[in-house]
file input10.txt (compact mmCIF, C-alpha atoms)
# COMPACT_ATOMS: atom_id res chain seq x y z
CA MET P 1 35.22 166.74 71.52
CA GLU P 2 38.41 167.03 73.49
CA CYS P 3 41.67 166.25 71.83
CA ILE P 4 44.64 164.49 73.30
CA LEU P 5 47.64 163.46 71.32
CA GLY P 6 50.88 161.64 71.86
CA ILE P 7 54.06 161.12 69.85
CA ARG P 8 56.71 158.59 70.72
CA PHE P 9 60.38 159.25 70.01
CA ASN P 10 63.39 157.07 70.77
CA ASP P 11 63.86 158.06 74.39
CA PHE P 12 60.84 160.12 75.27
CA ILE P 13 57.18 160.71 74.54
CA LEU P 14 55.35 163.96 74.03
CA LEU P 15 51.80 164.05 75.31
CA ALA P 16 49.52 166.98 74.69
CA ALA P 17 45.94 167.71 75.67
CA ASP P 18 43.58 170.61 75.34
CA THR P 19 42.32 172.30 78.50
CA ILE P 20 38.66 172.76 77.67
CA ASP P 21 35.70 171.14 79.35
CA SER P 22 32.59 171.78 77.32
CA ARG P 23 29.07 170.54 76.77
CA SER P 24 28.19 171.06 73.13
CA ILE P 25 28.66 174.78 72.41
CA VAL P 26 29.15 175.91 76.01
CA VAL P 27 32.66 175.93 77.42
CA MET P 28 32.39 175.29 81.14
CA LYS P 29 36.06 175.35 82.14
CA HIS P 30 39.18 176.63 80.37
CA ASP P 31 41.86 175.19 82.56
CA VAL P 32 41.24 171.48 82.95
CA ASP P 33 44.25 169.30 83.57
CA LYS P 34 43.74 166.05 81.70
CA PHE P 35 47.00 164.46 82.78
CA PHE P 36 47.24 161.90 85.55
CA PRO P 37 50.71 160.77 86.52
CA LEU P 38 50.67 157.14 87.57
CA SER P 39 54.28 156.91 88.66
CA LYS P 40 57.66 158.48 88.07
CA ASN P 41 57.81 157.22 84.48
CA LEU P 42 54.18 156.80 83.62
CA LEU P 43 51.69 159.45 82.54
CA MET P 44 48.12 159.07 81.41
CA ALA P 45 46.09 161.61 79.44
CA VAL P 46 42.35 161.07 79.58
CA CYS P 47 39.37 162.47 77.74
CA GLY P 48 35.71 161.55 77.57
CA GLU P 49 32.76 161.67 79.94
CA SER P 50 33.40 164.26 82.66
CA GLY P 51 33.03 162.30 85.91
CA ASP P 52 34.28 159.01 84.48
CA THR P 53 37.62 160.52 83.52
CA THR P 54 38.52 161.52 87.07
CA GLN P 55 37.06 158.44 88.74
CA PHE P 56 38.67 155.99 86.38
CA SER P 57 42.05 157.68 86.29
CA GLU P 58 42.27 157.99 90.05
CA TYR P 59 41.29 154.35 90.41
CA ILE P 60 44.07 153.28 88.05
CA ALA P 61 46.61 155.62 89.61
CA LYS P 62 45.87 154.35 93.12
CA ASN P 63 46.08 150.73 92.01
CA VAL P 64 49.42 151.30 90.30
CA HIS P 65 50.65 152.91 93.49
CA LEU P 66 49.31 150.01 95.56
CA TYR P 67 51.27 147.55 93.43
CA LYS P 68 54.43 149.48 94.17
CA MET P 69 53.67 149.49 97.90
CA LYS P 70 52.92 145.76 97.96
CA ASN P 71 55.76 144.55 95.77
CA ASP P 72 58.46 147.17 96.25
CA TYR P 73 58.91 147.72 92.54
CA GLU P 74 56.82 149.50 89.98
CA LEU P 75 54.59 148.11 87.30
CA SER P 76 56.14 148.43 83.87
CA PRO P 77 54.33 150.64 81.33
CA ARG P 78 53.19 147.57 79.42
CA ALA P 79 51.81 145.94 82.56
CA SER P 80 50.06 149.15 83.63
CA ALA P 81 48.53 149.57 80.21
CA ASN P 82 47.28 146.00 80.18
CA PHE P 83 45.92 146.40 83.70
CA THR P 84 44.08 149.55 82.63
CA ARG P 85 42.70 147.77 79.59
CA ARG P 86 41.47 144.91 81.74
CA MET P 87 39.69 147.35 84.10
CA LEU P 88 38.10 149.15 81.17
CA ALA P 89 37.08 145.91 79.43
CA ASP P 90 35.53 144.49 82.60
CA SER P 91 33.54 147.67 83.16
CA LEU P 92 32.38 147.60 79.54
CA ARG P 93 30.17 144.59 80.06
CA SER P 94 28.98 145.42 83.54
CA ARG P 95 26.52 147.77 85.25
CA GLU P 96 27.81 150.99 83.71
CA ARG P 97 30.80 151.44 81.47
CA TYR P 98 33.48 154.07 81.91
CA ASN P 99 33.30 156.29 78.88
CA VAL P 100 36.95 157.36 78.71
CA ASN P 101 39.50 157.45 75.93
CA LEU P 102 43.07 157.59 77.04
CA LEU P 103 46.70 157.66 76.07
CA MET P 104 49.25 156.14 78.37
CA ALA P 105 52.89 157.05 78.01
CA GLY P 106 55.70 155.42 79.89
CA TYR P 107 59.43 154.90 79.86
CA ASP P 108 60.46 151.35 80.66
CA GLU P 109 63.65 151.49 82.76
CA VAL P 110 64.41 147.81 82.24
CA GLU P 111 63.98 147.63 78.47
CA LYS P 112 65.21 151.21 78.09
CA LYS P 113 62.53 152.28 75.70
CA ALA P 114 59.58 154.61 75.56
CA GLU P 115 56.11 153.16 75.01
CA LEU P 116 52.92 154.91 74.06
CA TYR P 117 49.59 153.11 74.40
CA TYR P 118 46.35 154.15 72.78
CA MET P 119 43.12 152.96 74.38
CA ASP P 120 39.64 153.82 73.30
CA TYR P 121 36.50 153.70 75.42
CA LEU P 122 35.77 150.13 74.34
CA ALA P 123 39.15 149.04 75.72
CA SER P 124 40.89 148.27 72.44
CA MET P 125 44.55 148.91 73.07
CA MET P 126 47.52 149.38 70.76
CA GLU P 127 51.10 150.44 71.21
CA LEU P 128 51.69 153.09 68.61
CA PRO P 129 54.37 155.56 67.52
CA TYR P 130 51.81 158.38 67.43
CA CYS P 131 48.12 158.64 68.12
CA ALA P 132 45.35 161.05 69.00
CA HIS P 133 41.81 161.06 70.33
CA GLY P 134 39.04 163.45 69.39
CA TYR P 135 38.39 165.59 66.35
CA GLY P 136 41.97 166.81 66.42
CA SER P 137 43.07 163.35 65.31
CA TYR P 138 41.61 163.93 61.86
CA PHE P 139 44.03 166.81 61.35
CA VAL P 140 47.07 165.57 63.16
CA LEU P 141 47.38 161.94 62.07
CA GLY P 142 47.82 162.84 58.41
CA CYS P 143 50.64 165.24 59.25
CA LEU P 144 52.35 162.68 61.41
CA ASP P 145 52.02 159.99 58.77
CA ALA P 146 53.97 162.22 56.43
CA TYR P 147 56.59 163.76 58.73
CA TYR P 148 57.10 161.47 61.72
CA LYS P 149 60.64 160.29 62.43
CA PRO P 150 61.45 158.46 65.64
CA GLY P 151 64.80 160.24 66.04
CA LYS P 152 65.31 163.48 67.89
CA LEU P 153 62.73 166.18 67.41
CA PRO P 154 64.08 168.87 65.05
CA SER P 155 64.37 172.16 66.91
CA GLY P 156 61.53 174.57 66.42
CA VAL P 157 59.02 171.95 65.38
CA VAL P 158 55.96 171.68 67.58
CA MET O 1 31.55 143.74 63.92
CA SER O 2 32.24 146.36 61.30
CA TYR O 3 33.27 148.97 63.86
CA ASN O 4 36.92 147.99 63.62
CA GLY O 5 36.97 145.86 60.44
CA GLY O 6 39.41 143.17 59.42
CA GLY O 7 39.54 139.67 58.01
CA VAL O 8 41.10 136.31 58.71
CA VAL O 9 41.34 133.29 56.42
CA ALA O 10 42.69 129.78 57.03
CA MET O 11 43.33 127.01 54.54
CA LYS O 12 44.32 123.38 54.61
CA GLY O 13 47.18 122.01 52.56
CA LYS O 14 49.11 118.75 52.35
CA GLU O 15 50.37 118.25 55.93
CA CYS O 16 50.33 121.97 56.44
CA VAL O 17 47.88 124.75 57.26
CA ALA O 18 48.04 128.44 56.66
CA ILE O 19 46.27 131.25 58.46
CA ALA O 20 46.41 134.89 57.48
CA SER O 21 45.02 138.19 58.69
CA ASP O 22 45.12 141.81 57.71
CA LEU O 23 46.88 144.28 59.98
CA ARG O 24 44.58 147.28 60.13
CA PHE O 25 43.44 148.69 63.41
CA GLY O 26 40.80 151.29 62.73
CA ILE O 27 37.78 152.87 64.29
CA GLN O 28 35.04 153.18 61.69
CA LEU O 29 36.43 155.33 58.93
CA GLN O 30 39.69 156.27 60.66
CA THR O 31 42.79 154.03 60.55
CA ILE O 32 44.68 154.20 63.83
CA GLY O 33 47.32 151.47 63.70
CA LEU O 34 49.00 149.34 61.06
CA ASP O 35 50.28 146.44 63.12
CA PHE O 36 47.19 144.93 64.68
CA ASP O 37 47.64 141.25 64.00
CA LYS O 38 44.49 139.37 64.83
CA ILE O 39 46.26 136.02 64.96
CA PHE O 40 47.75 134.63 68.17
CA GLN O 41 49.68 131.51 68.94
CA ALA O 42 47.88 128.99 71.12
CA GLY O 43 50.35 126.11 70.87
CA PRO O 44 53.53 125.12 69.05
CA LYS O 45 51.54 124.28 65.89
CA LEU O 46 48.24 125.94 66.70
CA TYR O 47 47.18 129.46 65.81
CA VAL O 48 43.90 131.27 66.25
CA GLY O 49 42.58 134.46 64.72
CA PHE O 50 39.88 136.73 66.14
CA PRO O 51 38.47 139.15 63.57
CA GLY O 52 35.71 141.42 64.79
CA LEU O 53 35.52 144.03 67.53
CA ALA O 54 39.09 144.84 68.57
CA THR O 55 38.43 144.99 72.29
CA ASP O 56 36.83 141.54 72.17
CA THR O 57 39.73 140.24 70.06
CA GLN O 58 42.01 141.12 72.95
CA THR O 59 39.62 140.03 75.70
CA VAL O 60 38.74 136.65 74.15
CA HIS O 61 42.41 135.95 73.47
CA GLN O 62 43.25 136.70 77.08
CA ARG O 63 40.36 134.62 78.49
CA LEU O 64 41.27 131.69 76.27
CA LYS O 65 44.92 131.96 77.25
CA PHE O 66 43.82 131.70 80.86
CA ARG O 67 41.81 128.55 80.12
CA THR O 68 44.53 126.89 78.07
CA ASN O 69 47.13 127.70 80.72
CA LEU O 70 45.00 125.93 83.31
CA TYR O 71 44.39 123.02 80.94
CA GLU O 72 48.10 122.63 80.34
CA LEU O 73 48.84 122.76 84.04
CA ARG O 74 46.21 120.19 84.93
CA GLU O 75 46.69 117.81 82.01
CA ASN O 76 50.44 118.30 81.68
CA ARG O 77 50.25 118.41 77.90
CA LYS O 78 49.72 121.01 75.20
CA VAL O 79 46.18 121.53 74.01
CA SER O 80 45.31 119.88 70.70
CA PRO O 81 43.47 121.76 67.91
CA LYS O 82 40.16 119.92 68.34
CA VAL O 83 40.12 120.47 72.08
CA TYR O 84 41.11 124.10 71.65
CA ALA O 85 38.33 124.62 69.12
CA SER O 86 35.90 123.09 71.55
CA MET O 87 37.09 125.49 74.26
CA VAL O 88 36.58 128.44 71.94
CA GLY O 89 33.03 127.36 71.14
CA ASN O 90 32.30 126.82 74.80
CA LEU O 91 33.60 130.24 75.82
CA LEU O 92 31.51 131.95 73.17
CA TYR O 93 28.31 130.11 74.01
CA GLU O 94 28.72 130.93 77.69
CA HIS O 95 28.02 134.47 76.55
CA ARG O 96 25.09 133.48 74.39
CA PHE O 97 22.96 136.48 75.47
CA GLY O 98 25.70 139.06 75.63
CA PRO O 99 28.17 137.75 73.09
CA TYR O 100 31.73 138.66 72.29
CA PHE O 101 31.74 140.23 68.84
CA VAL O 102 34.41 138.07 67.32
CA GLU O 103 34.28 135.20 64.84
CA PRO O 104 37.30 133.05 65.72
CA VAL O 105 39.28 130.99 63.23
CA VAL O 106 41.44 128.13 64.50
CA ALA O 107 44.21 126.55 62.41
CA GLY O 108 46.70 123.93 63.48
CA LEU O 109 48.30 120.55 63.03
CA ASP O 110 47.19 117.77 65.33
CA ALA O 111 49.42 115.16 66.92
CA ASN O 112 49.70 113.22 63.65
CA ASN O 113 50.54 116.41 61.73
CA GLN O 114 47.16 116.33 60.03
CA PRO O 115 45.79 119.79 59.26
CA TYR O 116 42.79 121.10 61.19
CA ILE O 117 40.87 124.31 60.63
CA CYS O 118 37.72 125.54 62.28
CA ALA O 119 35.68 128.73 62.24
CA PHE O 120 33.01 129.96 64.62
CA ASP O 121 30.26 132.50 64.59
CA LEU O 122 30.01 134.95 67.46
CA ILE O 123 28.01 132.56 69.65
CA GLY O 124 30.21 129.54 69.14
CA CYS O 125 28.77 127.51 66.29
CA ALA O 126 31.71 125.51 64.97
CA ASN O 127 32.38 124.76 61.35
CA ALA O 128 35.35 122.51 60.54
CA PRO O 129 35.49 121.87 56.80
CA ASP O 130 38.09 120.23 54.62
CA ASP O 131 39.14 123.19 52.56
CA PHE O 132 39.19 126.73 53.95
CA VAL O 133 37.45 129.04 56.39
CA VAL O 134 37.02 132.80 56.31
CA ALA O 135 35.78 135.41 58.75
CA GLY O 136 35.59 139.17 59.03
CA THR O 137 34.12 142.15 57.23
CA CYS O 138 35.50 140.98 53.89
CA GLU O 139 34.38 137.36 54.27
CA GLU O 140 32.20 137.42 51.19
CA GLN O 141 35.09 138.63 49.06
CA MET O 142 37.27 135.99 50.65
CA TYR O 143 34.77 133.24 49.88
CA GLY O 144 34.96 134.18 46.23
CA MET O 145 38.76 134.27 46.17
CA CYS O 146 39.21 131.04 48.12
CA GLU O 147 36.68 129.12 46.07
CA SER O 148 38.49 130.06 42.88
CA LEU O 149 42.06 129.61 44.04
CA TRP O 150 42.05 126.72 46.49
CA LYS O 151 42.85 123.18 45.43
CA PRO O 152 43.31 120.13 47.63
CA ASP O 153 46.80 118.97 48.65
CA LEU O 154 48.73 122.17 48.13
CA GLY O 155 52.31 122.17 49.37
CA PRO O 156 53.49 124.83 51.84
CA GLU O 157 54.90 127.21 49.20
CA GLU O 158 51.85 127.01 46.98
CA LEU O 159 49.54 127.29 49.97
CA PHE O 160 51.31 130.48 50.94
CA GLU O 161 50.77 131.93 47.47
CA VAL O 162 47.13 130.92 47.37
CA ILE O 163 46.23 132.23 50.82
CA SER O 164 48.13 135.47 50.27
CA GLN O 165 46.38 136.20 46.99
CA ALA O 166 43.02 135.31 48.51
CA LEU O 167 43.45 137.64 51.49
CA VAL O 168 45.08 140.52 49.64
CA ASN O 169 42.55 140.71 46.85
CA ALA O 170 39.60 140.32 49.21
CA CYS O 171 40.92 143.09 51.48
CA ASP O 172 41.50 145.37 48.52
CA ARG O 173 37.79 145.30 47.88
CA ASP O 174 36.87 146.16 51.46
CA ALA O 175 37.35 149.67 52.76
CA ILE O 176 37.89 148.68 56.39
CA SER O 177 40.25 145.75 55.87
CA GLY O 178 43.80 145.69 54.65
CA TRP O 179 46.71 148.04 55.40
CA GLY O 180 49.11 145.12 55.33
CA ALA O 181 48.75 141.39 55.93
CA ARG O 182 50.54 138.66 57.86
CA VAL O 183 50.56 135.02 56.80
CA TYR O 184 51.48 132.06 58.99
CA VAL O 185 52.30 128.75 57.29
CA ILE O 186 52.37 125.90 59.80
CA GLU O 187 54.23 122.76 58.78
CA LYS O 188 55.21 119.77 60.85
CA ASP O 189 58.68 121.04 61.66
CA LYS O 190 58.40 124.80 61.41
CA VAL O 191 56.13 127.81 61.27
CA THR O 192 56.90 130.55 58.77
CA VAL O 193 55.54 134.04 59.30
CA ARG O 194 55.62 136.46 56.43
CA ASN O 195 54.36 139.99 55.97
CA VAL O 196 52.57 140.59 52.69
CA ARG O 197 52.20 143.92 50.97
CA THR O 198 48.69 145.09 50.20
CA ARG O 199 47.24 148.38 49.01
CA MET O 200 47.85 150.81 51.85
CA ASP O 201 44.48 152.43 51.78
call {"tool": "encode", "arguments": {"input": "input10.txt", "output": "structure tokens"}}
result
Amino acid sequence: MECILGIRFNDFILLAADTIDSRSIVVMKHDVDKFFPLSKNLLMAVCGESGDTTQFSEYIAKNVHLYKMKNDYELSPRASANFTRRMLADSLRSRERYNVNLLMAGYDEVEKKAELYYMDYLASMMELPYCAHGYGSYFVLGCLDAYYKPGKLPSGVV
Amino acid sequence: MSYNGGGVVAMKGKECVAIASDLRFGIQLQTIGLDFDKIFQAGPKLYVGFPGLATDTQTVHQRLKFRTNLYELRENRKVSPKVYASMVGNLLYEHRFGPYFVEPVVAGLDANNQPYICAFDLIGCANAPDDFVVAGTCEEQMYGMCESLWKPDLGPEELFEVISQALVNACDRDAISGWGARVYVIEKDKVTVRNVRTRMD
């Protein structure tokens, strides 16, 4: 299963994703881009069911852009995340649910802080200092529990 | 209901109520977050907790907020605990054949500062007893703890001790509840929120 992970620091967020698209043991594509920028300060990393990821992310991205066009200012990261959650939750109990797990990272210009939102395919959302989806989470979360500090990233640590 | 885990308990005291929840946000065996409070404020002296499936916790809270906002706009007054409980039951039964997987717990003081607690099952059956209510994956453990520790007419400080011990010890015996707890004690002139240490596993 694809892995995406995010770590929030004081002024920035690191988001990482693998670039594999596979069905069970067969790797179909090596160079998938799982990131969808929603605005200048907002980035979403998506994994899950192949078609749903693109369809859902584009839908959210276009709606975020529409808000900016209508209102002349951008949605904050918190508002975008809640909007995304609402879309995902509504689709959950309707004709066919979007099977996507995502991480949304944004820098709020007004509050001057970075926010990282974790959302699973059932639309449960949490703002977290670090999080990951996929099998990679089993390895990474333990490390981060032990070594995470919100201050500046020490040089050489990846 | 045991996909995310969690537990909420509410108890009546003498002119006060307390409601408490654990703080774990997990997905089956994996713990993801440690600050997922399942209790939300619905009025100045009214709190509600939604243990169960995390997505429904958030959705039901948002849908109820919408309804109470409209109520407060139309009626020009804050919603009382009994009315709020009735709204919760109504919302849940509307989804009788496709329910929200939450078991809400309402706790508050009514207009005369008399304590009120109420718990629901996932389709809206209300239960408003005189002592305590529990809900969540560790509800059986909580029943045992509450039955042993609760007494009528506890003051706010004692109620805090009793509800904290009940929640903490019940969560310690449940693998998917715990990772911290938050306790709200609602009295006629103030609400005190305290974080309680539990086993972090």
call {"tool": "interface_residues", "arguments": {"input": "input10.txt", "of": "chain O", "to": "chain P", "cutoff": "9 Å", "atoms": "all atoms listed in the file", "output": "ChimeraX atom specification"}}
result
/O:25,30,32-36,53-59,98
call {"tool": "residues_around", "arguments": {"input": "input10.txt", "residues": "Ala181 in chain O", "least_positions_apart": "5", "cutoff": "10 Å", "atoms": "only C-alpha atoms", "output": "ChimeraX atom specification"}}
result
/O:7-8,20-24,34-37,164,167-168,171,194-199
call {"tool": "atom_distance", "arguments": {"input": "input10.txt", "atom1": "CA of Val110 in chain P", "atom2": "CA of Lys68 in chain P"}}
result
15.6 Å
call {"tool": "atom_distance", "arguments": {"input": "input10.txt", "atom1": "CA of Asn90 in chain O", "atom2": "CA of Tyr184 in chain O"}}
result
25.4 Å
call {"tool": "axis_aligned_box", "arguments": {"input": "input10.txt", "around": "range 118-126 of chain O", "padding_each_side": "5 Å", "output": "lines of an AutoDock Vina configuration file"}}
result
center_x = 32.9
center_y = 130.2
center_z = 65.9
size_x = 19.7
size_y = 19.4
size_z = 17.4
call {"tool": "atom_distance", "arguments": {"input": "input10.txt", "atom1": "CA of Val88 in chain O", "atom2": "CA of Leu154 in chain O"}}
result
27.5 Å
